[in-house]
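Here is coords-v5.cif, consisting of mmCIF, C-alpha atoms and all ligand atoms:
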```
data_my_file
loop_
_atom_site.group_PDB
_atom_site.id
_atom_site.type_symbol
_atom_site.label_atom_id
_atom_site.label_comp_id
_atom_site.auth_asym_id
_atom_site.auth_seq_id
_atom_site.Cartn_x
_atom_site.Cartn_y
_atom_site.Cartn_z
ATOM 1 C CA MET U 261 2.328 117.397 -56.863
ATOM 2 C CA ARG U 262 4.391 114.544 -58.294
ATOM 3 C CA LEU U 263 1.919 111.758 -58.565
ATOM 4 C CA LYS U 264 4.162 110.143 -61.161
ATOM 5 C CA ASN U 265 6.515 109.279 -58.342
ATOM 6 C CA MET U 266 3.847 107.217 -56.661
ATOM 7 C CA LYS U 267 4.925 103.583 -56.607
ATOM 8 C CA LYS U 268 1.822 102.319 -58.342
ATOM 9 C CA ALA U 269 0.913 103.632 -61.791
ATOM 10 C CA PHE U 270 -2.551 105.147 -62.053
ATOM 11 C CA LYS U 271 -4.925 105.943 -64.889
ATOM 12 C CA ILE U 272 -7.297 108.875 -65.325
ATOM 13 C CA ALA U 273 -10.189 108.461 -67.780
ATOM 14 C CA VAL U 274 -11.852 111.633 -69.075
ATOM 15 C CA ASP U 275 -15.031 111.416 -71.156
ATOM 16 C CA GLY U 276 -17.566 113.898 -72.435
ATOM 17 C CA PRO U 277 -19.159 115.343 -75.590
ATOM 18 C CA SER U 278 -17.231 117.505 -78.056
ATOM 19 C CA GLY U 279 -16.469 120.994 -76.829
ATOM 20 C CA SER U 280 -16.783 120.021 -73.163
ATOM 21 C CA GLY U 281 -13.101 120.907 -72.738
ATOM 22 C CA LYS U 282 -11.709 117.367 -72.499
ATOM 23 C CA SER U 283 -8.471 117.739 -74.417
ATOM 24 C CA THR U 284 -7.539 121.219 -73.146
ATOM 25 C CA ILE U 285 -8.124 120.107 -69.574
ATOM 26 C CA ALA U 286 -6.585 116.630 -69.873
ATOM 27 C CA LYS U 287 -3.456 118.168 -71.417
ATOM 28 C CA LYS U 288 -3.091 120.567 -68.481
ATOM 29 C CA VAL U 289 -3.716 117.874 -65.865
ATOM 30 C CA ALA U 290 -1.074 115.716 -67.600
ATOM 31 C CA LYS U 291 1.435 118.554 -67.443
ATOM 32 C CA LYS U 292 0.752 119.282 -63.774
ATOM 33 C CA LEU U 293 0.998 115.650 -62.765
ATOM 34 C CA GLU U 294 3.880 114.978 -65.177
ATOM 35 C CA ILE U 295 2.157 112.041 -66.788
ATOM 36 C CA GLU U 296 1.429 111.125 -70.415
ATOM 37 C CA TYR U 297 -1.695 112.307 -72.254
ATOM 38 C CA ILE U 298 -3.472 110.275 -74.947
ATOM 39 C CA ASP U 299 -6.114 111.954 -77.147
ATOM 40 C CA THR U 300 -8.262 109.113 -78.510
ATOM 41 C CA GLY U 301 -10.484 111.520 -80.476
ATOM 42 C CA ALA U 302 -7.420 112.367 -82.585
ATOM 43 C CA MET U 303 -7.083 108.641 -83.372
ATOM 44 C CA TYR U 304 -10.680 108.434 -84.679
ATOM 45 C CA ARG U 305 -10.006 111.627 -86.622
ATOM 46 C CA ALA U 306 -6.891 109.999 -88.136
ATOM 47 C CA VAL U 307 -9.057 107.114 -89.364
ATOM 48 C CA GLY U 308 -11.651 109.569 -90.727
ATOM 49 C CA TYR U 309 -8.884 111.490 -92.493
ATOM 50 C CA LYS U 310 -7.444 108.342 -94.056
ATOM 51 C CA MET U 311 -10.881 107.269 -95.319
ATOM 52 C CA ILE U 312 -11.325 110.682 -96.958
ATOM 53 C CA CYS U 313 -7.888 110.371 -98.611
ATOM 54 C CA GLU U 314 -8.749 106.865 -99.851
ATOM 55 C CA GLY U 315 -12.255 107.933 -100.969
ATOM 56 C CA ILE U 316 -14.023 105.278 -98.877
ATOM 57 C CA SER U 317 -17.649 105.355 -97.795
ATOM 58 C CA ARG U 318 -18.991 103.696 -94.655
ATOM 59 C CA GLY U 319 -20.639 100.731 -96.347
ATOM 60 C CA GLU U 320 -17.440 99.359 -97.939
ATOM 61 C CA THR U 321 -16.698 96.936 -95.128
ATOM 62 C CA ASN U 322 -14.094 94.803 -96.914
ATOM 63 C CA ARG U 323 -12.091 97.778 -98.134
ATOM 64 C CA ILE U 324 -12.307 99.381 -94.690
ATOM 65 C CA ARG U 325 -10.915 96.185 -93.099
ATOM 66 C CA GLU U 326 -8.126 96.038 -95.658
ATOM 67 C CA ILE U 327 -7.189 99.694 -95.119
ATOM 68 C CA LEU U 328 -7.275 99.337 -91.334
ATOM 69 C CA SER U 329 -4.950 96.326 -91.546
ATOM 70 C CA ARG U 330 -2.279 98.564 -93.087
ATOM 71 C CA THR U 331 -2.906 101.661 -90.950
ATOM 72 C CA GLU U 332 -0.442 102.781 -88.302
ATOM 73 C CA ILE U 333 -1.279 105.486 -85.786
ATOM 74 C CA ASP U 334 1.067 106.760 -83.114
ATOM 75 C CA PHE U 335 1.826 109.842 -81.040
ATOM 76 C CA ARG U 336 5.147 111.640 -80.772
ATOM 77 C CA GLY U 337 4.725 114.152 -77.982
ATOM 78 C CA THR U 338 1.367 115.756 -78.693
ATOM 79 C CA ASP U 339 1.626 115.215 -82.454
ATOM 80 C CA ILE U 340 -0.277 112.422 -84.149
ATOM 81 C CA PHE U 341 1.294 110.400 -86.965
ATOM 82 C CA LEU U 342 -0.619 108.424 -89.569
ATOM 83 C CA ASP U 343 1.548 105.866 -91.397
ATOM 84 C CA GLY U 344 4.627 107.785 -90.322
ATOM 85 C CA ILE U 345 3.397 111.226 -91.415
ATOM 86 C CA CYS U 346 2.426 114.001 -89.004
ATOM 87 C CA ILE U 347 -1.248 114.911 -89.569
ATOM 88 C CA SER U 348 -1.866 117.051 -86.455
ATOM 89 C CA ASN U 349 -2.786 120.114 -88.514
ATOM 90 C CA LYS U 350 -5.019 118.196 -90.925
ATOM 91 C CA ILE U 351 -7.563 116.605 -88.591
ATOM 92 C CA ARG U 352 -9.294 119.601 -86.934
ATOM 93 C CA THR U 353 -11.697 120.358 -89.782
ATOM 94 C CA PRO U 354 -15.506 119.926 -89.828
ATOM 95 C CA GLU U 355 -15.138 117.403 -92.690
ATOM 96 C CA VAL U 356 -12.742 115.177 -90.724
ATOM 97 C CA ALA U 357 -14.862 115.544 -87.549
ATOM 98 C CA LYS U 358 -17.913 114.309 -89.441
ATOM 99 C CA MET U 359 -16.053 111.327 -90.927
ATOM 100 C CA ALA U 360 -14.533 110.474 -87.526
ATOM 101 C CA SER U 361 -17.966 110.462 -85.897
ATOM 102 C CA SER U 362 -19.444 108.351 -88.692
ATOM 103 C CA PHE U 363 -16.622 105.762 -88.908
ATOM 104 C CA SER U 364 -16.242 105.568 -85.119
ATOM 105 C CA ALA U 365 -19.549 103.662 -85.007
ATOM 106 C CA LEU U 366 -18.077 100.749 -87.032
ATOM 107 C CA PRO U 367 -17.053 97.675 -84.995
ATOM 108 C CA GLU U 368 -13.851 97.121 -87.026
ATOM 109 C CA VAL U 369 -12.688 100.690 -86.392
ATOM 110 C CA ARG U 370 -13.433 100.562 -82.661
ATOM 111 C CA GLU U 371 -11.841 97.137 -82.263
ATOM 112 C CA LYS U 372 -8.586 98.284 -83.828
ATOM 113 C CA LEU U 373 -8.394 101.615 -81.983
ATOM 114 C CA VAL U 374 -9.419 100.289 -78.559
ATOM 115 C CA GLU U 375 -6.731 97.597 -78.756
ATOM 116 C CA LEU U 376 -4.160 100.234 -79.730
ATOM 117 C CA GLN U 377 -5.302 102.578 -76.945
ATOM 118 C CA ARG U 378 -4.943 99.860 -74.307
ATOM 119 C CA LYS U 379 -1.487 99.025 -75.638
ATOM 120 C CA MET U 380 -0.475 102.710 -75.524
ATOM 121 C CA ALA U 381 -1.768 103.045 -71.960
ATOM 122 C CA GLY U 382 0.387 100.076 -70.910
ATOM 123 C CA GLU U 383 1.497 99.962 -67.319
ATOM 124 C CA LYS U 384 2.409 103.616 -66.895
ATOM 125 C CA SER U 385 0.489 106.534 -65.379
ATOM 126 C CA ILE U 386 -1.559 108.262 -68.045
ATOM 127 C CA ILE U 387 -4.581 110.458 -68.638
ATOM 128 C CA MET U 388 -6.701 109.479 -71.645
ATOM 129 C CA ASP U 389 -9.711 111.316 -73.023
ATOM 130 C CA GLY U 390 -12.525 110.275 -75.347
ATOM 131 C CA ARG U 391 -16.090 108.961 -75.207
ATOM 132 C CA ASP U 392 -15.735 105.383 -73.896
ATOM 133 C CA ILE U 393 -12.583 105.553 -71.801
ATOM 134 C CA GLY U 394 -14.137 105.189 -68.331
ATOM 135 C CA THR U 395 -16.818 102.749 -69.510
ATOM 136 C CA ASN U 396 -14.721 100.549 -71.784
ATOM 137 C CA VAL U 397 -11.092 101.284 -72.779
ATOM 138 C CA LEU U 398 -9.824 101.811 -69.225
ATOM 139 C CA SER U 399 -12.839 100.576 -67.268
ATOM 140 C CA ASP U 400 -10.533 99.806 -64.328
ATOM 141 C CA ALA U 401 -9.060 103.352 -64.238
ATOM 142 C CA GLU U 402 -8.455 104.629 -60.703
ATOM 143 C CA TYR U 403 -9.990 108.031 -61.529
ATOM 144 C CA LYS U 404 -12.869 108.805 -63.867
ATOM 145 C CA VAL U 405 -14.132 112.212 -64.918
ATOM 146 C CA PHE U 406 -17.169 113.114 -67.032
ATOM 147 C CA LEU U 407 -17.146 116.647 -68.438
ATOM 148 C CA THR U 408 -20.263 118.403 -69.704
ATOM 149 C CA ALA U 409 -21.282 121.923 -70.771
ATOM 150 C CA SER U 410 -24.362 123.415 -72.397
ATOM 151 C CA ILE U 411 -24.634 122.942 -76.162
ATOM 152 C CA ARG U 412 -24.514 126.735 -76.693
ATOM 153 C CA GLU U 413 -21.274 127.065 -74.700
ATOM 154 C CA ARG U 414 -19.669 124.061 -76.416
ATOM 155 C CA ALA U 415 -20.567 125.362 -79.871
ATOM 156 C CA LEU U 416 -19.285 128.813 -78.949
ATOM 157 C CA ARG U 417 -15.928 127.383 -77.828
ATOM 158 C CA ARG U 418 -15.523 125.381 -81.045
ATOM 159 C CA TRP U 419 -16.639 128.340 -83.178
ATOM 160 C CA LYS U 420 -14.089 130.667 -81.529
ATOM 161 C CA GLU U 421 -11.352 128.069 -82.103
ATOM 162 C CA MET U 422 -12.278 127.918 -85.807
ATOM 163 C CA LYS U 423 -12.505 131.697 -86.160
ATOM 164 C CA ASP U 424 -9.017 131.991 -84.634
ATOM 165 C CA LYS U 425 -7.760 129.659 -87.344
ATOM 166 C CA GLY U 426 -9.363 131.928 -89.943
ATOM 167 C CA GLU U 427 -12.183 129.560 -90.894
ATOM 168 C CA GLU U 428 -15.411 131.133 -92.147
ATOM 169 C CA ILE U 429 -18.288 129.347 -90.465
ATOM 170 C CA SER U 430 -21.415 130.517 -88.631
ATOM 171 C CA LEU U 431 -22.100 129.719 -84.986
ATOM 172 C CA LYS U 432 -25.411 128.186 -86.067
ATOM 173 C CA GLN U 433 -23.642 125.768 -88.427
ATOM 174 C CA VAL U 434 -21.156 124.734 -85.717
ATOM 175 C CA GLU U 435 -24.021 124.195 -83.262
ATOM 176 C CA ASP U 436 -26.104 122.180 -85.761
ATOM 177 C CA GLU U 437 -23.138 119.934 -86.630
ATOM 178 C CA MET U 438 -22.368 119.468 -82.951
ATOM 179 C CA ILE U 439 -25.947 118.401 -82.178
ATOM 180 C CA GLN U 440 -25.706 115.827 -84.984
ATOM 181 C CA ARG U 441 -22.347 114.519 -83.701
ATOM 182 C CA ASP U 442 -23.632 114.352 -80.103
ATOM 183 C CA PHE U 443 -26.537 112.288 -81.375
ATOM 184 C CA ASN U 444 -24.260 109.908 -83.360
ATOM 185 C CA ASP U 445 -21.805 109.497 -80.464
ATOM 186 C CA ALA U 446 -24.461 108.913 -77.807
ATOM 187 C CA THR U 447 -26.751 106.587 -79.775
ATOM 188 C CA ARG U 448 -24.335 104.245 -81.591
ATOM 189 C CA THR U 449 -24.676 100.611 -80.588
ATOM 190 C CA ILE U 450 -21.066 99.923 -79.595
ATOM 191 C CA ASN U 451 -19.662 101.801 -76.605
ATOM 192 C CA PRO U 452 -21.631 105.033 -76.950
ATOM 193 C CA LEU U 453 -20.800 108.145 -74.959
ATOM 194 C CA ARG U 454 -21.895 107.449 -71.372
ATOM 195 C CA LYS U 455 -20.898 108.614 -67.928
ATOM 196 C CA ALA U 456 -19.006 105.774 -66.240
ATOM 197 C CA LYS U 457 -20.208 104.497 -62.874
ATOM 198 C CA GLY U 458 -18.510 106.459 -60.132
ATOM 199 C CA ALA U 459 -17.183 109.167 -62.480
ATOM 200 C CA LEU U 460 -16.845 112.691 -61.142
ATOM 201 C CA GLU U 461 -19.221 114.816 -63.265
ATOM 202 C CA ILE U 462 -18.174 118.414 -63.833
ATOM 203 C CA ASP U 463 -20.353 120.937 -65.689
ATOM 204 C CA THR U 464 -17.752 123.280 -67.188
ATOM 205 C CA THR U 465 -20.246 125.786 -68.692
ATOM 206 C CA GLU U 466 -19.409 128.565 -66.264
ATOM 207 C CA MET U 467 -15.984 127.423 -65.104
ATOM 208 C CA THR U 468 -12.542 128.533 -66.232
ATOM 209 C CA ILE U 469 -10.075 125.934 -67.511
ATOM 210 C CA GLU U 470 -7.940 126.408 -64.392
ATOM 211 C CA GLU U 471 -10.947 125.810 -62.111
ATOM 212 C CA VAL U 472 -11.742 122.521 -63.841
ATOM 213 C CA VAL U 473 -8.089 121.398 -63.739
ATOM 214 C CA GLU U 474 -7.929 122.227 -60.016
ATOM 215 C CA THR U 475 -11.201 120.362 -59.307
ATOM 216 C CA ILE U 476 -9.792 117.223 -60.959
ATOM 217 C CA ILE U 477 -6.445 117.447 -59.187
ATOM 218 C CA GLN U 478 -8.124 117.998 -55.803
ATOM 219 C CA SER U 479 -10.341 114.962 -56.357
ATOM 220 C CA ILE U 480 -7.272 112.840 -57.037
ATOM 221 C CA LYS U 481 -5.436 114.110 -53.965
HETATM 222 O O1 LIG U 501 -13.047 114.250 -79.280
HETATM 223 P P1 LIG U 501 -13.081 114.468 -80.794
HETATM 224 O O2 LIG U 501 -14.108 115.476 -81.227
HETATM 225 O O3 LIG U 501 -11.737 114.760 -81.363
HETATM 226 O O4 LIG U 501 -13.542 113.035 -81.401
HETATM 227 C C1 LIG U 501 -13.772 112.826 -82.771
HETATM 228 C C2 LIG U 501 -14.827 111.752 -82.962
HETATM 229 O O5 LIG U 501 -14.329 110.481 -82.552
HETATM 230 C C3 LIG U 501 -16.114 111.973 -82.185
HETATM 231 O O6 LIG U 501 -17.197 112.277 -83.030
HETATM 232 C C4 LIG U 501 -16.408 110.692 -81.471
HETATM 233 C C5 LIG U 501 -15.291 109.767 -81.804
HETATM 234 N N1 LIG U 501 -14.665 109.197 -80.608
HETATM 235 C C6 LIG U 501 -15.123 107.980 -80.157
HETATM 236 O O7 LIG U 501 -16.068 107.439 -80.719
HETATM 237 N N2 LIG U 501 -14.516 107.393 -79.092
HETATM 238 C C7 LIG U 501 -13.499 107.985 -78.463
HETATM 239 N N3 LIG U 501 -12.919 107.367 -77.425
HETATM 240 C C8 LIG U 501 -13.027 109.243 -78.902
HETATM 241 C C9 LIG U 501 -13.646 109.836 -79.976
#
```

Please go through the file and, once you have read it, give me the structure as structure tokens.
Amino acid sequence: MRLKNMKKAFKIAVDGPSGSGKSTIAKKVAKKLEIEYIDTGAMYRAVGYKMICEGISRGETNRIREILSRTEIDFRGTDIFLDGICISNKIRTPEVAKMASSFSALPEVREKLVELQRKMAGEKSIIMDGRDIGTNVLSDAEYKVFLTASIRERALRRWKEMKDKGEEISLKQVEDEMIQRDFNDATRTINPLRKAKGALEIDTTEMTIEEVVETIIQSIK
């Protein structure tokens, strides 16, 4: 189906906790519909990564503002670039995930990234995934999806991904860190993880990737 040929551009917002399958599924929907995909989690990870490199802690508001003012984030295809350097293979670590979750609660970080995300979305058809896309970044998106899965299944998916990359980590540790991140993401004051009004909620625990992709595409049709 070539929705991209529709006269009017449309936006699809996909939200959900980590490990719910957002990026895998959004990427596949983008490919099928021939539209652009924007991974906003990668942008928060880029900020977390930069703060690690600069040795910054969360309380250093003035330094954080100064660093953000000279930070450039952009995508080239599915790769993410920080200040002109590709960091795609540096941001999928537990350390960066933790920093991303922690710094994503800061108003200055969210302000900068939300503005950038809206600019990137522009007037074209896109699918964007994150935590506050349907409720905030693209609150007027034509289609909204909220993905969930049990904590055990989400931890298992992340753990398998890490094992495949040769990382030594126990399932228990992945699950514990995920519970902590879920808590941070859902309880922060500014734009916490929430299901947007009218969003299609899909529990992916016992579904295959293809089944979820098909459910989303059918709902758009
Ligand atoms: O989806 P992810 O695991 O790559 O996201 C990394 C962190 O960024 C996650 O802990 C929550 C945060 N995030 C956010 O606050 N808002 C978004 N739109 C996307 C991610």

Of the residues U:Pro367, U:Ala306, U:Lys455, U:Met388, which is the one nearest to U:Ala290, using all atoms listed in the file?
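Counting all atoms listed in the file, the residue closest to U:Ala290 is U:Met388.
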
Distance limit 6 Å, reference ligand LIG 501 (chain U), atoms considered: only C-alpha atoms and all ligand atoms. Which residues make the cut? Give them as a JSON list (two decimals) with C-alpha atoms, keeping the file's coordinate frame.
```json
[["chain", "number", "residue", "atom", "x", "y", "z"],
["U", 278, "SER", "CA", -17.23, 117.50, -78.06],
["U", 300, "THR", "CA", -8.26, 109.11, -78.51],
["U", 301, "GLY", "CA", -10.48, 111.52, -80.48],
["U", 302, "ALA", "CA", -7.42, 112.37, -82.58],
["U", 304, "TYR", "CA", -10.68, 108.43, -84.68],
["U", 305, "ARG", "CA", -10.01, 111.63, -86.62],
["U", 357, "ALA", "CA", -14.86, 115.54, -87.55],
["U", 360, "ALA", "CA", -14.53, 110.47, -87.53],
["U", 361, "SER", "CA", -17.97, 110.46, -85.90],
["U", 364, "SER", "CA", -16.24, 105.57, -85.12],
["U", 390, "GLY", "CA", -12.52, 110.28, -75.35],
["U", 391, "ARG", "CA", -16.09, 108.96, -75.21],
["U", 392, "ASP", "CA", -15.74, 105.38, -73.90],
["U", 393, "ILE", "CA", -12.58, 105.55, -71.80],
["U", 441, "ARG", "CA", -22.35, 114.52, -83.70],
["U", 445, "ASP", "CA", -21.80, 109.50, -80.46]]
```

The PyMOL selection byres (((chain U and resi 410-421) around 10) and not hetatm) applied to the shown file, residues as a short mmCIF file (atom, residue, chain, number, x, y, z; two decimals) with C-alpha atoms, in the frame of the given file:
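This went into selection14.cif:
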```
data_model
loop_
_atom_site.label_atom_id
_atom_site.label_comp_id
_atom_site.auth_asym_id
_atom_site.auth_seq_id
_atom_site.Cartn_x
_atom_site.Cartn_y
_atom_site.Cartn_z
CA PRO U 277 -19.16 115.34 -75.59
CA SER U 278 -17.23 117.50 -78.06
CA GLY U 279 -16.47 120.99 -76.83
CA SER U 280 -16.78 120.02 -73.16
CA GLY U 281 -13.10 120.91 -72.74
CA ARG U 352 -9.29 119.60 -86.93
CA THR U 408 -20.26 118.40 -69.70
CA ALA U 409 -21.28 121.92 -70.77
CA MET U 422 -12.28 127.92 -85.81
CA LYS U 423 -12.50 131.70 -86.16
CA ASP U 424 -9.02 131.99 -84.63
CA LYS U 425 -7.76 129.66 -87.34
CA GLY U 426 -9.36 131.93 -89.94
CA GLU U 427 -12.18 129.56 -90.89
CA GLU U 428 -15.41 131.13 -92.15
CA ILE U 429 -18.29 129.35 -90.46
CA SER U 430 -21.42 130.52 -88.63
CA LEU U 431 -22.10 129.72 -84.99
CA LYS U 432 -25.41 128.19 -86.07
CA GLN U 433 -23.64 125.77 -88.43
CA VAL U 434 -21.16 124.73 -85.72
CA GLU U 435 -24.02 124.20 -83.26
CA ASP U 436 -26.10 122.18 -85.76
CA GLU U 437 -23.14 119.93 -86.63
CA MET U 438 -22.37 119.47 -82.95
CA ILE U 439 -25.95 118.40 -82.18
CA ASP U 442 -23.63 114.35 -80.10
CA ASP U 463 -20.35 120.94 -65.69
CA THR U 464 -17.75 123.28 -67.19
CA THR U 465 -20.25 125.79 -68.69
CA GLU U 466 -19.41 128.56 -66.26
#
```

So that I can check the surroundings of U:Val374, please list as a PyMOL selection string every protein, DNA and RNA residue that reaches within 8 Å of it, counting all atoms listed in the file and ignoring chain neighbours fewer than 4 positions away.
chain U and resi 370+378+397

Explicit residue set for the PyMOL selection byres (((chain U and resi 292) around 10) and not hetatm), as a PDB file with C-alpha atoms, in the frame of the given file:
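Listing of part.pdb after writing:
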```pdb
ATOM      1  CA  MET U 261       2.328 117.397 -56.863  1.00  0.00           C
ATOM      2  CA  ARG U 262       4.391 114.544 -58.294  1.00  0.00           C
ATOM      3  CA  LEU U 263       1.919 111.758 -58.565  1.00  0.00           C
ATOM      4  CA  ALA U 286      -6.585 116.630 -69.873  1.00  0.00           C
ATOM      5  CA  LYS U 287      -3.456 118.168 -71.417  1.00  0.00           C
ATOM      6  CA  LYS U 288      -3.091 120.567 -68.481  1.00  0.00           C
ATOM      7  CA  VAL U 289      -3.716 117.874 -65.865  1.00  0.00           C
ATOM      8  CA  ALA U 290      -1.074 115.716 -67.600  1.00  0.00           C
ATOM      9  CA  LYS U 291       1.435 118.554 -67.443  1.00  0.00           C
ATOM     10  CA  LEU U 293       0.998 115.650 -62.765  1.00  0.00           C
ATOM     11  CA  GLU U 294       3.880 114.978 -65.177  1.00  0.00           C
ATOM     12  CA  ILE U 295       2.157 112.041 -66.788  1.00  0.00           C
ATOM     13  CA  VAL U 473      -8.089 121.398 -63.739  1.00  0.00           C
ATOM     14  CA  GLU U 474      -7.929 122.227 -60.016  1.00  0.00           C
ATOM     15  CA  ILE U 477      -6.445 117.447 -59.187  1.00  0.00           C
TER      16      ILE U 477
END
```

Go through U:Ser317, U:Lys310, U:Ile285, U:Leu407 one by one, measure the shortest atom-to-atom distance of each to U:Thr331 using only C-alpha atoms, and give the residue with the smallest value.
U:Lys310

Residue nearest U:Glu332 - candidates U:Leu376, U:Phe363, U:Tyr309, U:Tyr403, atoms counted: only C-alpha atoms:
U:Leu376

On this file, the PyMOL selection byres (((chain U and resi 479) around 12) and not hetatm) gives some set of residues; write that set as a VMD selection string.
chain U and resid 272 289 402 to 405 459 to 462 472 to 478 480 to 481

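Minimum atom-to-atom distances from U:Asp343, U:Asp275, U:Glu368, U:Asp299 to U:Glu320 were compared using only C-alpha atoms, and the lowest value belongs to U:Glu368.
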
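Among the candidate residues U:Thr284, U:Ile340, U:Ala273, U:Ser348, the one lying nearest to U:Glu470 is U:Thr284, with distances computed using all atoms listed in the file.
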
What does the distance between atom CA of U:Gly344 and atom CA of U:Arg330 come to in Å, to one decimal place?
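A separation of 11.8 Å between them.
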
Expected residue set, 12 Å radius at (-5.6, 112.5, -95.7), only C-alpha atoms, as JSON, numbers by chain:
{"U": [305, 306, 307, 308, 309, 310, 311, 312, 313, 314, 315, 316, 341, 342, 343, 345, 346, 347, 348, 349, 350, 351, 352, 353, 355, 356, 359]}

Starting from the incomplete input, reconstruct N, CA, C and O atoms of stretch 346-358 of chain U and write that as a compact mmCIF listing (two decimals), keeping the file's coordinate frame.
```
# COMPACT_ATOMS: atom_id res chain seq x y z
N CYS U 346 3.12 113.17 -89.99
CA CYS U 346 2.43 114.00 -89.00
C CYS U 346 1.17 114.62 -89.64
O CYS U 346 1.27 115.30 -90.66
N ILE U 347 0.01 114.37 -89.00
CA ILE U 347 -1.25 114.91 -89.57
C ILE U 347 -1.97 115.81 -88.56
O ILE U 347 -3.16 116.11 -88.73
N SER U 348 -1.23 116.25 -87.52
CA SER U 348 -1.87 117.05 -86.46
C SER U 348 -2.65 118.24 -87.00
O SER U 348 -3.72 118.56 -86.50
N ASN U 349 -2.10 118.91 -88.03
CA ASN U 349 -2.79 120.11 -88.51
C ASN U 349 -3.78 119.83 -89.65
O ASN U 349 -4.26 120.74 -90.29
N LYS U 350 -4.08 118.54 -89.85
CA LYS U 350 -5.02 118.20 -90.92
C LYS U 350 -6.34 117.65 -90.40
O LYS U 350 -7.29 117.48 -91.15
N ILE U 351 -6.40 117.36 -89.10
CA ILE U 351 -7.56 116.60 -88.59
C ILE U 351 -8.60 117.46 -87.85
O ILE U 351 -9.61 116.94 -87.43
N ARG U 352 -8.34 118.76 -87.69
CA ARG U 352 -9.29 119.60 -86.93
C ARG U 352 -10.24 120.36 -87.86
O ARG U 352 -10.44 121.55 -87.71
N THR U 353 -10.77 119.69 -88.86
CA THR U 353 -11.70 120.36 -89.78
C THR U 353 -13.09 119.73 -89.60
O THR U 353 -13.20 118.57 -89.17
N PRO U 354 -14.16 120.48 -89.95
CA PRO U 354 -15.51 119.93 -89.83
C PRO U 354 -15.67 118.64 -90.65
O PRO U 354 -16.35 117.71 -90.22
N GLU U 355 -15.02 118.58 -91.82
CA GLU U 355 -15.14 117.40 -92.69
C GLU U 355 -14.56 116.16 -92.00
O GLU U 355 -15.18 115.08 -91.98
N VAL U 356 -13.37 116.31 -91.41
CA VAL U 356 -12.74 115.18 -90.72
C VAL U 356 -13.55 114.80 -89.47
O VAL U 356 -13.75 113.62 -89.19
N ALA U 357 -14.07 115.81 -88.76
CA ALA U 357 -14.86 115.54 -87.55
C ALA U 357 -16.08 114.69 -87.90
O ALA U 357 -16.42 113.73 -87.19
N LYS U 358 -16.71 115.03 -89.00
CA LYS U 358 -17.91 114.31 -89.44
C LYS U 358 -17.58 112.85 -89.80
O LYS U 358 -18.27 111.92 -89.41
```
